[in-house]
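Pasting coords_3.cif here (mmCIF, C-alpha atoms and all ligand atoms):
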```
data_coords
#
loop_
_atom_site.group_PDB
_atom_site.id
_atom_site.type_symbol
_atom_site.label_atom_id
_atom_site.label_comp_id
_atom_site.auth_asym_id
_atom_site.auth_seq_id
_atom_site.Cartn_x
_atom_site.Cartn_y
_atom_site.Cartn_z
ATOM 1 C CA MET A 1 0.000 0.000 0.000
ATOM 2 C CA ARG A 2 1.273 3.470 -0.857
ATOM 3 C CA GLN A 3 2.322 5.615 2.087
ATOM 4 C CA HIS A 4 0.336 8.787 2.615
ATOM 5 C CA LYS A 5 0.847 11.746 4.822
ATOM 6 C CA GLU A 6 -1.278 12.102 7.933
ATOM 7 C CA THR A 7 -4.676 10.483 7.447
ATOM 8 C CA LYS A 8 -7.588 12.901 7.610
ATOM 9 C CA ILE A 9 -10.283 11.527 9.908
ATOM 10 C CA ILE A 10 -13.692 13.133 9.394
ATOM 11 C CA ALA A 11 -16.434 12.420 11.915
ATOM 12 C CA VAL A 12 -19.947 13.079 10.654
ATOM 13 C CA ALA A 13 -21.922 13.834 13.782
ATOM 14 C CA ASN A 14 -25.152 15.356 15.023
ATOM 15 C CA HIS A 15 -27.159 13.539 17.658
ATOM 16 C CA LYS A 16 -30.375 14.455 15.886
ATOM 17 C CA GLY A 17 -31.557 11.329 14.067
ATOM 18 C CA GLY A 18 -32.366 11.400 10.369
ATOM 19 C CA CYS A 19 -30.409 14.556 9.523
ATOM 20 C CA GLY A 20 -28.336 12.883 6.805
ATOM 21 C CA LYS A 21 -25.206 11.579 8.581
ATOM 22 C CA THR A 22 -25.153 8.147 6.969
ATOM 23 C CA THR A 23 -26.069 9.471 3.517
ATOM 24 C CA THR A 24 -23.206 11.960 3.773
ATOM 25 C CA VAL A 25 -20.671 9.329 4.892
ATOM 26 C CA VAL A 26 -21.599 6.829 2.170
ATOM 27 C CA ASN A 27 -21.686 9.289 -0.710
ATOM 28 C CA LEU A 28 -18.602 11.257 0.304
ATOM 29 C CA ALA A 29 -16.764 7.928 0.621
ATOM 30 C CA ALA A 30 -17.851 6.987 -2.906
ATOM 31 C CA GLU A 31 -16.806 10.338 -4.367
ATOM 32 C CA PHE A 32 -13.432 10.389 -2.588
ATOM 33 C CA SER A 33 -12.771 6.889 -3.867
ATOM 34 C CA LYS A 34 -13.668 7.948 -7.442
ATOM 35 C CA MET A 35 -11.052 10.685 -7.061
ATOM 36 C CA GLY A 36 -8.451 7.994 -6.451
ATOM 37 C CA LEU A 37 -8.204 8.531 -2.699
ATOM 38 C CA SER A 38 -8.053 5.550 -0.353
ATOM 39 C CA VAL A 39 -11.060 5.575 1.952
ATOM 40 C CA LEU A 40 -12.135 3.735 5.090
ATOM 41 C CA VAL A 41 -15.603 4.060 6.629
ATOM 42 C CA VAL A 42 -15.934 3.349 10.351
ATOM 43 C CA ASP A 43 -19.493 2.710 11.507
ATOM 44 C CA VAL A 44 -19.937 3.403 15.224
ATOM 45 C CA ASP A 45 -23.747 3.422 15.106
ATOM 46 C CA PRO A 46 -25.559 0.422 16.670
ATOM 47 C CA GLN A 47 -28.196 0.870 13.938
ATOM 48 C CA ALA A 48 -25.406 0.079 11.457
ATOM 49 C CA ASN A 49 -27.091 1.815 8.532
ATOM 50 C CA ALA A 50 -23.808 2.614 6.793
ATOM 51 C CA SER A 51 -22.811 -1.059 7.126
ATOM 52 C CA LEU A 52 -26.140 -2.236 5.722
ATOM 53 C CA HIS A 53 -25.555 0.130 2.796
ATOM 54 C CA LEU A 54 -21.886 -0.549 2.127
ATOM 55 C CA GLY A 55 -21.399 -4.073 3.416
ATOM 56 C CA LYS A 56 -21.526 -7.334 1.484
ATOM 57 C CA MET A 57 -22.362 -9.118 4.741
ATOM 58 C CA HIS A 58 -25.145 -8.540 7.232
ATOM 59 C CA PRO A 59 -23.619 -6.827 10.301
ATOM 60 C CA SER A 60 -24.880 -9.672 12.534
ATOM 61 C CA GLU A 61 -22.662 -12.135 10.594
ATOM 62 C CA VAL A 62 -19.474 -10.124 10.930
ATOM 63 C CA PRO A 63 -17.145 -11.581 13.591
ATOM 64 C CA ILE A 64 -15.133 -8.430 14.314
ATOM 65 C CA THR A 65 -17.193 -5.258 14.097
ATOM 66 C CA CYS A 66 -16.404 -1.920 15.660
ATOM 67 C CA ALA A 67 -17.952 -3.262 18.908
ATOM 68 C CA GLU A 68 -15.390 -6.065 19.234
ATOM 69 C CA LEU A 69 -12.594 -3.787 18.022
ATOM 70 C CA LEU A 70 -13.310 -1.216 20.707
ATOM 71 C CA LEU A 71 -13.235 -3.819 23.474
ATOM 72 C CA SER A 72 -10.297 -5.881 22.244
ATOM 73 C CA GLU A 73 -6.553 -5.583 21.935
ATOM 74 C CA LEU A 74 -5.024 -3.941 18.900
ATOM 75 C CA GLU A 75 -4.287 -7.213 17.094
ATOM 76 C CA LYS A 76 -7.944 -7.493 16.036
ATOM 77 C CA LEU A 77 -7.595 -4.395 13.837
ATOM 78 C CA PRO A 78 -6.648 -6.179 10.560
ATOM 79 C CA LEU A 79 -9.601 -8.562 11.031
ATOM 80 C CA ALA A 80 -12.007 -5.647 11.468
ATOM 81 C CA ILE A 81 -11.232 -4.038 8.102
ATOM 82 C CA HIS A 82 -13.249 -5.279 5.108
ATOM 83 C CA GLU A 83 -11.934 -4.177 1.729
ATOM 84 C CA ASP A 84 -14.650 -5.881 -0.299
ATOM 85 C CA THR A 85 -17.742 -3.648 -0.089
ATOM 86 C CA ASN A 86 -20.583 -2.545 -2.354
ATOM 87 C CA ILE A 87 -18.615 0.558 -3.346
ATOM 88 C CA GLU A 88 -15.312 -0.037 -5.054
ATOM 89 C CA GLY A 89 -12.326 1.412 -3.286
ATOM 90 C CA VAL A 90 -14.168 1.955 -0.003
ATOM 91 C CA SER A 91 -13.154 -0.217 2.973
ATOM 92 C CA LEU A 92 -15.402 -0.713 5.977
ATOM 93 C CA ILE A 93 -15.242 -1.389 9.704
ATOM 94 C CA TYR A 94 -18.774 -2.627 10.358
ATOM 95 C CA GLY A 95 -21.094 -1.355 13.044
ATOM 96 C CA SER A 96 -23.517 -3.713 14.739
ATOM 97 C CA LEU A 97 -26.246 -3.884 17.353
ATOM 98 C CA ALA A 98 -23.600 -5.057 19.810
ATOM 99 C CA LEU A 99 -22.337 -1.450 19.924
ATOM 100 C CA GLY A 100 -25.374 -0.750 22.113
ATOM 101 C CA ARG A 101 -23.696 -2.639 24.957
ATOM 102 C CA THR A 102 -20.212 -1.376 24.209
ATOM 103 C CA GLU A 103 -20.675 1.945 25.977
ATOM 104 C CA ASP A 104 -21.269 0.323 29.374
ATOM 105 C CA GLU A 105 -18.427 -2.128 28.885
ATOM 106 C CA LEU A 106 -16.030 0.621 27.859
ATOM 107 C CA ARG A 107 -16.974 2.619 30.927
ATOM 108 C CA ASP A 108 -16.415 -0.387 33.190
ATOM 109 C CA THR A 109 -13.257 -1.804 31.662
ATOM 110 C CA THR A 110 -11.106 0.953 30.213
ATOM 111 C CA PRO A 111 -9.271 3.791 31.936
ATOM 112 C CA ARG A 112 -10.030 6.255 29.136
ATOM 113 C CA PRO A 113 -13.396 5.185 27.727
ATOM 114 C CA SER A 114 -13.599 8.038 25.185
ATOM 115 C CA GLU A 115 -10.196 7.307 23.683
ATOM 116 C CA GLU A 116 -10.423 3.666 22.662
ATOM 117 C CA LEU A 117 -11.326 4.307 19.019
ATOM 118 C CA ARG A 118 -8.470 6.771 18.665
ATOM 119 C CA ALA A 119 -6.049 4.123 19.979
ATOM 120 C CA LYS A 120 -7.505 1.493 17.631
ATOM 121 C CA LEU A 121 -7.280 3.722 14.524
ATOM 122 C CA GLN A 122 -3.823 5.086 15.304
ATOM 123 C CA PRO A 123 -1.925 2.302 13.433
ATOM 124 C CA LEU A 124 -3.838 3.250 10.261
ATOM 125 C CA ASP A 125 -2.331 6.733 10.203
ATOM 126 C CA GLY A 126 -0.721 7.278 6.815
ATOM 127 C CA LEU A 127 -2.258 4.129 5.311
ATOM 128 C CA TYR A 128 -5.505 5.768 4.187
ATOM 129 C CA ASP A 129 -6.014 9.219 2.734
ATOM 130 C CA ILE A 130 -9.281 9.577 4.530
ATOM 131 C CA ILE A 131 -11.335 7.873 7.237
ATOM 132 C CA LEU A 132 -15.023 8.769 7.580
ATOM 133 C CA ILE A 133 -16.778 7.969 10.868
ATOM 134 C CA ASP A 134 -20.563 7.581 10.906
ATOM 135 C CA CYS A 135 -21.945 8.473 14.350
ATOM 136 C CA PRO A 136 -25.056 7.308 16.212
ATOM 137 C CA PRO A 137 -27.957 9.621 17.092
ATOM 138 C CA SER A 138 -26.703 10.338 20.608
ATOM 139 C CA LEU A 139 -23.973 12.324 22.326
ATOM 140 C CA LYS A 140 -22.873 9.420 24.478
ATOM 141 C CA LEU A 141 -19.620 7.502 24.572
ATOM 142 C CA LEU A 142 -19.667 6.205 20.991
ATOM 143 C CA THR A 143 -19.934 9.724 19.600
ATOM 144 C CA SER A 144 -17.285 10.905 22.069
ATOM 145 C CA ASN A 145 -14.989 8.165 20.764
ATOM 146 C CA ALA A 146 -15.589 9.330 17.188
ATOM 147 C CA LEU A 147 -14.939 12.982 18.068
ATOM 148 C CA ALA A 148 -11.839 12.122 20.080
ATOM 149 C CA SER A 149 -10.398 10.230 17.078
ATOM 150 C CA ALA A 150 -11.238 12.792 14.427
ATOM 151 C CA THR A 151 -9.122 15.496 12.875
ATOM 152 C CA HIS A 152 -12.220 17.106 11.355
ATOM 153 C CA LEU A 153 -15.959 17.260 11.857
ATOM 154 C CA ILE A 154 -18.926 17.728 9.537
ATOM 155 C CA ILE A 155 -22.293 18.538 11.139
ATOM 156 C CA PRO A 156 -25.217 17.697 8.851
ATOM 157 C CA VAL A 157 -28.240 19.869 9.513
ATOM 158 C CA GLU A 158 -31.618 19.209 7.955
ATOM 159 C CA SER A 159 -32.519 22.620 6.607
ATOM 160 C CA GLY A 160 -35.804 21.428 5.161
ATOM 161 C CA SER A 161 -37.178 20.954 8.696
ATOM 162 C CA GLN A 162 -38.121 23.549 11.294
ATOM 163 C CA TYR A 163 -36.493 21.301 13.927
ATOM 164 C CA GLY A 164 -33.218 21.138 11.988
ATOM 165 C CA MET A 165 -31.184 23.044 14.592
ATOM 166 C CA TYR A 166 -32.725 21.326 17.593
ATOM 167 C CA GLY A 167 -29.990 20.213 19.993
ATOM 168 C CA VAL A 168 -27.103 21.894 18.155
ATOM 169 C CA THR A 169 -26.190 23.991 21.215
ATOM 170 C CA ASP A 170 -25.648 20.762 23.192
ATOM 171 C CA LEU A 171 -23.527 19.394 20.365
ATOM 172 C CA MET A 172 -21.336 22.525 20.326
ATOM 173 C CA LYS A 173 -20.877 22.315 24.123
ATOM 174 C CA HIS A 174 -19.919 18.657 23.770
ATOM 175 C CA ILE A 175 -17.364 19.487 21.063
ATOM 176 C CA ALA A 176 -15.812 22.117 23.347
ATOM 177 C CA LYS A 177 -15.372 19.445 26.042
ATOM 178 C CA ILE A 178 -13.922 16.917 23.593
ATOM 179 C CA ARG A 179 -11.318 19.511 22.539
ATOM 180 C CA ARG A 180 -9.744 19.081 25.985
ATOM 181 C CA ILE A 181 -8.709 15.570 24.945
ATOM 182 C CA ASN A 182 -8.505 16.240 21.191
ATOM 183 C CA PRO A 183 -7.328 19.809 20.620
ATOM 184 C CA ARG A 184 -6.698 19.184 16.904
ATOM 185 C CA LEU A 185 -10.419 18.685 16.156
ATOM 186 C CA GLN A 186 -11.520 21.194 13.509
ATOM 187 C CA VAL A 187 -15.117 21.869 12.565
ATOM 188 C CA LEU A 188 -15.311 21.918 8.760
ATOM 189 C CA GLY A 189 -18.823 23.281 8.992
ATOM 190 C CA ALA A 190 -22.515 22.610 8.892
ATOM 191 C CA LEU A 191 -23.722 20.714 5.854
ATOM 192 C CA LEU A 192 -27.230 21.765 4.905
ATOM 193 C CA ILE A 193 -29.285 18.718 3.898
ATOM 194 C CA LYS A 194 -32.627 18.666 2.073
ATOM 195 C CA HIS A 195 -31.974 22.325 1.392
ATOM 196 C CA ASP A 196 -34.362 24.382 -0.724
ATOM 197 C CA GLU A 197 -33.425 28.051 -1.215
ATOM 198 C CA ARG A 198 -37.055 28.861 -1.986
ATOM 199 C CA LEU A 199 -38.277 27.825 1.454
ATOM 200 C CA MET A 200 -38.297 30.287 4.320
ATOM 201 C CA VAL A 201 -37.454 27.450 6.738
ATOM 202 C CA SER A 202 -34.274 26.610 4.770
ATOM 203 C CA LYS A 203 -33.143 30.248 4.815
ATOM 204 C CA LEU A 204 -33.858 30.467 8.543
ATOM 205 C CA ILE A 205 -32.000 27.246 9.371
ATOM 206 C CA GLU A 206 -29.093 28.374 7.172
ATOM 207 C CA ASN A 207 -28.748 31.594 9.189
ATOM 208 C CA MET A 208 -29.041 29.763 12.503
ATOM 209 C CA ALA A 209 -26.449 27.176 11.443
ATOM 210 C CA ARG A 210 -24.000 29.891 10.373
ATOM 211 C CA GLU A 211 -24.466 31.653 13.682
ATOM 212 C CA GLN A 212 -24.396 28.662 16.045
ATOM 213 C CA ILE A 213 -21.907 26.391 14.255
ATOM 214 C CA GLY A 214 -19.817 29.264 12.942
ATOM 215 C CA LYS A 215 -19.189 27.869 9.502
ATOM 216 C CA LEU A 216 -21.198 26.526 6.572
ATOM 217 C CA LEU A 217 -19.847 24.131 3.983
ATOM 218 C CA PRO A 218 -19.945 25.752 0.536
ATOM 219 C CA ILE A 219 -22.121 23.048 -1.033
ATOM 220 C CA LYS A 220 -25.717 22.391 0.045
ATOM 221 C CA ILE A 221 -27.525 19.121 -0.570
ATOM 222 C CA SER A 222 -30.997 19.244 -2.071
ATOM 223 C CA THR A 223 -33.863 16.834 -1.500
ATOM 224 C CA SER A 224 -34.020 13.912 -3.881
ATOM 225 C CA THR A 225 -35.803 10.556 -3.982
ATOM 226 C CA LYS A 226 -32.564 9.204 -5.495
ATOM 227 C CA VAL A 227 -31.042 9.212 -1.998
ATOM 228 C CA ASN A 228 -33.432 6.485 -0.804
ATOM 229 C CA GLN A 229 -33.208 4.648 -4.115
ATOM 230 C CA ALA A 230 -29.428 4.459 -3.820
ATOM 231 C CA ALA A 231 -29.665 3.192 -0.229
ATOM 232 C CA MET A 232 -32.160 0.501 -1.219
ATOM 233 C CA ALA A 233 -29.948 -0.568 -4.126
ATOM 234 C CA GLN A 234 -26.917 -0.537 -1.756
ATOM 235 C CA SER A 235 -25.145 1.707 -4.220
ATOM 236 C CA SER A 236 -23.791 5.236 -4.247
ATOM 237 C CA LEU A 237 -25.597 8.135 -5.861
ATOM 238 C CA HIS A 238 -22.653 8.227 -8.251
ATOM 239 C CA ALA A 239 -23.344 4.659 -9.404
ATOM 240 C CA LEU A 240 -27.129 5.142 -9.480
ATOM 241 C CA ASP A 241 -27.184 8.360 -11.527
ATOM 242 C CA ARG A 242 -24.030 10.394 -11.626
ATOM 243 C CA THR A 243 -25.661 13.259 -13.513
ATOM 244 C CA ALA A 244 -28.486 13.845 -11.005
ATOM 245 C CA LYS A 245 -28.350 17.175 -9.162
ATOM 246 C CA VAL A 246 -27.880 15.541 -5.754
ATOM 247 C CA SER A 247 -25.027 13.361 -7.122
ATOM 248 C CA ARG A 248 -23.282 16.436 -8.508
ATOM 249 C CA GLU A 249 -23.663 18.174 -5.149
ATOM 250 C CA PHE A 250 -21.909 15.346 -3.279
ATOM 251 C CA ARG A 251 -19.203 15.292 -5.977
ATOM 252 C CA GLN A 252 -18.614 19.032 -5.649
ATOM 253 C CA LEU A 253 -18.591 18.718 -1.869
ATOM 254 C CA ALA A 254 -15.936 15.982 -2.030
ATOM 255 C CA ARG A 255 -13.814 18.169 -4.311
ATOM 256 C CA GLU A 256 -14.131 21.197 -2.066
ATOM 257 C CA LEU A 257 -13.199 19.124 0.979
ATOM 258 C CA ALA A 258 -10.244 17.540 -0.818
ATOM 259 C CA LYS A 259 -8.987 21.038 -1.621
ATOM 260 C CA GLU A 260 -9.455 22.253 1.932
ATOM 261 C CA LEU A 261 -7.801 19.164 3.412
ATOM 262 C CA ASP A 262 -4.977 19.272 0.889
ATOM 263 C CA LEU A 263 -5.752 15.793 -0.428
ATOM 264 C CA LYS A 264 -4.348 15.221 -3.873
ATOM 265 C CA GLY A 265 -7.139 13.333 -5.569
ATOM 266 C CA VAL A 266 -7.345 12.832 -9.289
ATOM 267 C CA VAL A 267 -10.095 15.157 -10.424
ATOM 268 C CA VAL A 268 -11.478 13.818 -13.670
ATOM 269 C CA GLU A 269 -13.033 16.824 -15.371
ATOM 270 C CA ASP A 270 -16.406 16.042 -16.812
ATOM 271 C CA SER A 271 -19.328 17.922 -18.240
ATOM 272 C CA HIS A 272 -21.546 16.845 -15.339
ATOM 273 C CA ALA A 273 -19.355 18.324 -12.622
HETATM 274 N N1 LIG B 301 -30.894 14.826 0.406
HETATM 275 C C1 LIG B 301 -31.849 13.962 0.720
HETATM 276 N N2 LIG B 301 -33.007 13.888 0.019
HETATM 277 C C2 LIG B 301 -33.974 13.021 0.350
HETATM 278 N N3 LIG B 301 -33.888 12.134 1.355
HETATM 279 C C3 LIG B 301 -32.761 12.141 2.110
HETATM 280 C C4 LIG B 301 -31.691 13.048 1.832
HETATM 281 N N4 LIG B 301 -30.701 12.811 2.744
HETATM 282 C C5 LIG B 301 -31.148 11.820 3.539
HETATM 283 N N5 LIG B 301 -32.375 11.408 3.159
HETATM 284 C C6 LIG B 301 -33.186 10.353 3.772
HETATM 285 O O1 LIG B 301 -33.474 10.747 5.106
HETATM 286 C C7 LIG B 301 -33.370 9.624 5.980
HETATM 287 C C8 LIG B 301 -32.323 9.902 7.038
HETATM 288 O O2 LIG B 301 -31.041 10.026 6.432
HETATM 289 P P1 LIG B 301 -29.754 9.364 7.088
HETATM 290 O O3 LIG B 301 -28.602 9.702 6.214
HETATM 291 O O4 LIG B 301 -30.001 7.919 7.368
HETATM 292 O O5 LIG B 301 -29.690 10.184 8.452
HETATM 293 P P2 LIG B 301 -28.946 9.852 9.830
HETATM 294 O O6 LIG B 301 -27.807 8.939 9.522
HETATM 295 O O7 LIG B 301 -28.511 11.198 10.337
HETATM 296 O O8 LIG B 301 -29.967 9.225 10.729
HETATM 297 C C9 LIG B 301 -33.042 8.427 5.114
HETATM 298 O O9 LIG B 301 -34.227 7.750 4.795
HETATM 299 C C10 LIG B 301 -32.413 9.047 3.888
HETATM 300 O O10 LIG B 301 -32.569 8.236 2.751
HETATM 301 MG MG MG B 302 -27.338 7.111 10.364
#
```
Show me this structure written as structure tokens.
Ligand SMILES: Nc1ncnc2c1ncn2[C@@H]1O[C@H](COP(=O)(O)OP(=O)(O)O)[C@@H](O)[C@H]1O
Ligand SMILES: [Mg+2]
Amino acid sequence: MRQHKETKIIAVANHKGGCGKTTTVVNLAAEFSKMGLSVLVVDVDPQANASLHLGKMHPSEVPITCAELLLSELEKLPLAIHEDTNIEGVSLIYGSLALGRTEDELRDTTPRPSEELRAKLQPLDGLYDIILIDCPPSLKLLTSNALASATHLIIPVESGSQYGMYGVTDLMKHIAKIRRINPRLQVLGALLIKHDERLMVSKLIENMAREQIGKLLPIKISTSTKVNQAAMAQSSLHALDRTAKVSREFRQLARELAKELDLKGVVVEDSHA
């Protein structure tokens, strides 16, 4: 495997359920991989939606998921990484229902319960260009582990819903606390999901996100039925319909992020960009 510089680890977090975390992880992973970057997805959500989307196996059949990895010694790491997934070039550490019990076990058995994932991912530094972590809909220990491991954070916010910013103040307070153990954590910005410029609610949520999160990502994701279609087909938006508006938005987002993170992907110019 080619040696890279420091791996960029992006956590995609917001404890509000259904705001687009998993969709963002899966489709950014696909676009980064298309750019020639090496990508690993780590699923720390007991609901394991990213694993159901990306994985060739059902999470319940996977012997070493993120749950076992978190509670085991480092030698399990190679067994946890699955290179054969539904999206070419994207590797996966599966999530599973067992993660539901992991939080209690971590608290009882480890001296630094928030820092186990960071320790487990450390040997991968330089081996991948990018690691994307899909977080559960809570601010508990699994999300803390993701934030403590990450170099960067994306906060998806559903701007098509009047409740889109609900709980964001708690998230920002939590991030401030995590910075005590992970000072390098940088917020890349809020990612507006199901955004529609024409709607008053989208404009309102956009302003609130800019104010409370401090930064907006330059690309906004519109609403599209293709998102669910791609999930049902266990494929990326790129593979389903690369010319669709929502596919182009994720592609542009991946390119913007690659620029910002100084990742040298191969940008294939095309008329659909
Ligand atoms: N841009 C979008 N347009 C339409 N539906 C979307 C969009 N983004 C996400 N969804 C749908 O909304 C639901 C929640 O998205 P998901 O990514 O699973 O959120 P989370 O991981 O934060 O719970 C899913 O059914 C998903 O297919
Ligand atoms: Mg999810």
Which residues match the PyMOL selection byres (((chain A and resi 199-208) around 8) and not hetatm) in the file above, as a PDB file with C-alpha atoms, in the frame of the given file?
```
ATOM      1  CA  SER A 159     -32.519  22.620   6.607  1.00  0.00           C
ATOM      2  CA  GLY A 160     -35.804  21.428   5.161  1.00  0.00           C
ATOM      3  CA  SER A 161     -37.178  20.954   8.696  1.00  0.00           C
ATOM      4  CA  GLN A 162     -38.121  23.549  11.294  1.00  0.00           C
ATOM      5  CA  GLY A 164     -33.218  21.138  11.988  1.00  0.00           C
ATOM      6  CA  MET A 165     -31.184  23.044  14.592  1.00  0.00           C
ATOM      7  CA  LEU A 192     -27.230  21.765   4.905  1.00  0.00           C
ATOM      8  CA  HIS A 195     -31.974  22.325   1.392  1.00  0.00           C
ATOM      9  CA  ASP A 196     -34.362  24.382  -0.724  1.00  0.00           C
ATOM     10  CA  GLU A 197     -33.425  28.051  -1.215  1.00  0.00           C
ATOM     11  CA  ARG A 198     -37.055  28.861  -1.986  1.00  0.00           C
ATOM     12  CA  ALA A 209     -26.449  27.176  11.443  1.00  0.00           C
ATOM     13  CA  ARG A 210     -24.000  29.891  10.373  1.00  0.00           C
ATOM     14  CA  GLU A 211     -24.466  31.653  13.682  1.00  0.00           C
ATOM     15  CA  GLN A 212     -24.396  28.662  16.045  1.00  0.00           C
TER      16      GLN A 212
END
```
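Within 7 Å of the file-frame point (-19.7, -2.9, 21.6), and using all atoms listed in the file, the polymer residues found are Cys66, Ala67, Glu68, Leu70, Leu71, Ala98, Leu99, Gly100, Arg101, Thr102 and Glu103 of chain A.
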Spell out the residues picked by the PyMOL selection byres (((chain A and resi 213-218) around 12) and not hetatm) here, as a compact mmCIF listing (two decimals) with C-alpha atoms, in the frame of the given file.
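Now in selection-v9.txt:
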```
# COMPACT_ATOMS: atom_id res chain seq x y z
CA ASN A 14 -25.15 15.36 15.02
CA LEU A 153 -15.96 17.26 11.86
CA ILE A 154 -18.93 17.73 9.54
CA ILE A 155 -22.29 18.54 11.14
CA PRO A 156 -25.22 17.70 8.85
CA VAL A 157 -28.24 19.87 9.51
CA SER A 159 -32.52 22.62 6.61
CA MET A 165 -31.18 23.04 14.59
CA GLY A 167 -29.99 20.21 19.99
CA VAL A 168 -27.10 21.89 18.16
CA THR A 169 -26.19 23.99 21.22
CA ASP A 170 -25.65 20.76 23.19
CA LEU A 171 -23.53 19.39 20.36
CA MET A 172 -21.34 22.52 20.33
CA LYS A 173 -20.88 22.32 24.12
CA ILE A 175 -17.36 19.49 21.06
CA ALA A 176 -15.81 22.12 23.35
CA GLN A 186 -11.52 21.19 13.51
CA VAL A 187 -15.12 21.87 12.56
CA LEU A 188 -15.31 21.92 8.76
CA GLY A 189 -18.82 23.28 8.99
CA ALA A 190 -22.52 22.61 8.89
CA LEU A 191 -23.72 20.71 5.85
CA LEU A 192 -27.23 21.76 4.90
CA ILE A 193 -29.28 18.72 3.90
CA ILE A 205 -32.00 27.25 9.37
CA GLU A 206 -29.09 28.37 7.17
CA ASN A 207 -28.75 31.59 9.19
CA MET A 208 -29.04 29.76 12.50
CA ALA A 209 -26.45 27.18 11.44
CA ARG A 210 -24.00 29.89 10.37
CA GLU A 211 -24.47 31.65 13.68
CA GLN A 212 -24.40 28.66 16.05
CA ILE A 219 -22.12 23.05 -1.03
CA LYS A 220 -25.72 22.39 0.04
CA ILE A 221 -27.52 19.12 -0.57
CA GLU A 249 -23.66 18.17 -5.15
CA PHE A 250 -21.91 15.35 -3.28
CA GLN A 252 -18.61 19.03 -5.65
CA LEU A 253 -18.59 18.72 -1.87
CA ALA A 254 -15.94 15.98 -2.03
CA ARG A 255 -13.81 18.17 -4.31
CA GLU A 256 -14.13 21.20 -2.07
CA LEU A 257 -13.20 19.12 0.98
CA GLU A 260 -9.46 22.25 1.93
```
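With atom CA of Lys194 of chain A on one side and atom C4 of ligand LIG 301 (chain B) on the other, the separation reads 5.7 Å.
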Could the residues that lie within 6 Å of ligand MG 302 (chain B), counting all atoms listed in the file, be listed as a list in words? Lys21, Thr22 and Asn49 of chain A
Taking all atoms listed in the file into account, which residues have an atom no farther than 9 Å from ligand LIG 301 (chain B)? I'd like them as a VMD selection string. chain A and resid 12 to 26 45 49 to 50 134 to 137 156 to 158 193 to 195 221 to 232 246
Report as a PyMOL selection string all protein, DNA and RNA residues lying within 8 Å of Ala146 of chain A, evaluated on all atoms listed in the file, omitting residues in the same chain fewer than 6 positions from it. chain A and resi 11+44+117-118+133+135
Keeping C-alpha atoms for every residue in the selection just given, could you write it to a file as a PDB file, in the frame of the given file?
```pdb
ATOM      1  CA  ALA A  11     -16.434  12.420  11.915  1.00  0.00           C
ATOM      2  CA  VAL A  44     -19.937   3.403  15.224  1.00  0.00           C
ATOM      3  CA  LEU A 117     -11.326   4.307  19.019  1.00  0.00           C
ATOM      4  CA  ARG A 118      -8.470   6.771  18.665  1.00  0.00           C
ATOM      5  CA  ILE A 133     -16.778   7.969  10.868  1.00  0.00           C
ATOM      6  CA  CYS A 135     -21.945   8.473  14.350  1.00  0.00           C
TER       7      CYS A 135
END
```
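Here, the PyMOL selection byres (((chain A and resi 264) around 12) and not hetatm) matches A:His4, A:Lys5, A:Phe32, A:Ser33, A:Met35, A:Gly36, A:Leu37, A:Ser38, A:Asp129, A:Ile130, A:Ala254, A:Arg255, A:Glu256, A:Leu257, A:Ala258, A:Lys259, A:Glu260, A:Leu261, A:Asp262, A:Leu263, A:Gly265, A:Val266, A:Val267.
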Please produce an output containing C-alpha atoms for each residue in the selection, written as a compact mmCIF listing (two decimals), in the frame of the given file.
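Result written to result-v2.txt:
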```txt
# COMPACT_ATOMS: atom_id res chain seq x y z
CA HIS A 4 0.34 8.79 2.62
CA LYS A 5 0.85 11.75 4.82
CA PHE A 32 -13.43 10.39 -2.59
CA SER A 33 -12.77 6.89 -3.87
CA MET A 35 -11.05 10.68 -7.06
CA GLY A 36 -8.45 7.99 -6.45
CA LEU A 37 -8.20 8.53 -2.70
CA SER A 38 -8.05 5.55 -0.35
CA ASP A 129 -6.01 9.22 2.73
CA ILE A 130 -9.28 9.58 4.53
CA ALA A 254 -15.94 15.98 -2.03
CA ARG A 255 -13.81 18.17 -4.31
CA GLU A 256 -14.13 21.20 -2.07
CA LEU A 257 -13.20 19.12 0.98
CA ALA A 258 -10.24 17.54 -0.82
CA LYS A 259 -8.99 21.04 -1.62
CA GLU A 260 -9.46 22.25 1.93
CA LEU A 261 -7.80 19.16 3.41
CA ASP A 262 -4.98 19.27 0.89
CA LEU A 263 -5.75 15.79 -0.43
CA GLY A 265 -7.14 13.33 -5.57
CA VAL A 266 -7.34 12.83 -9.29
CA VAL A 267 -10.10 15.16 -10.42
```
Which residues come within 10 Å of Pro78 of chain A, counting all atoms listed in the file, excluding same-chain residues fewer than 6 positions away, as a PyMOL selection string? chain A and resi 64+69+93+124
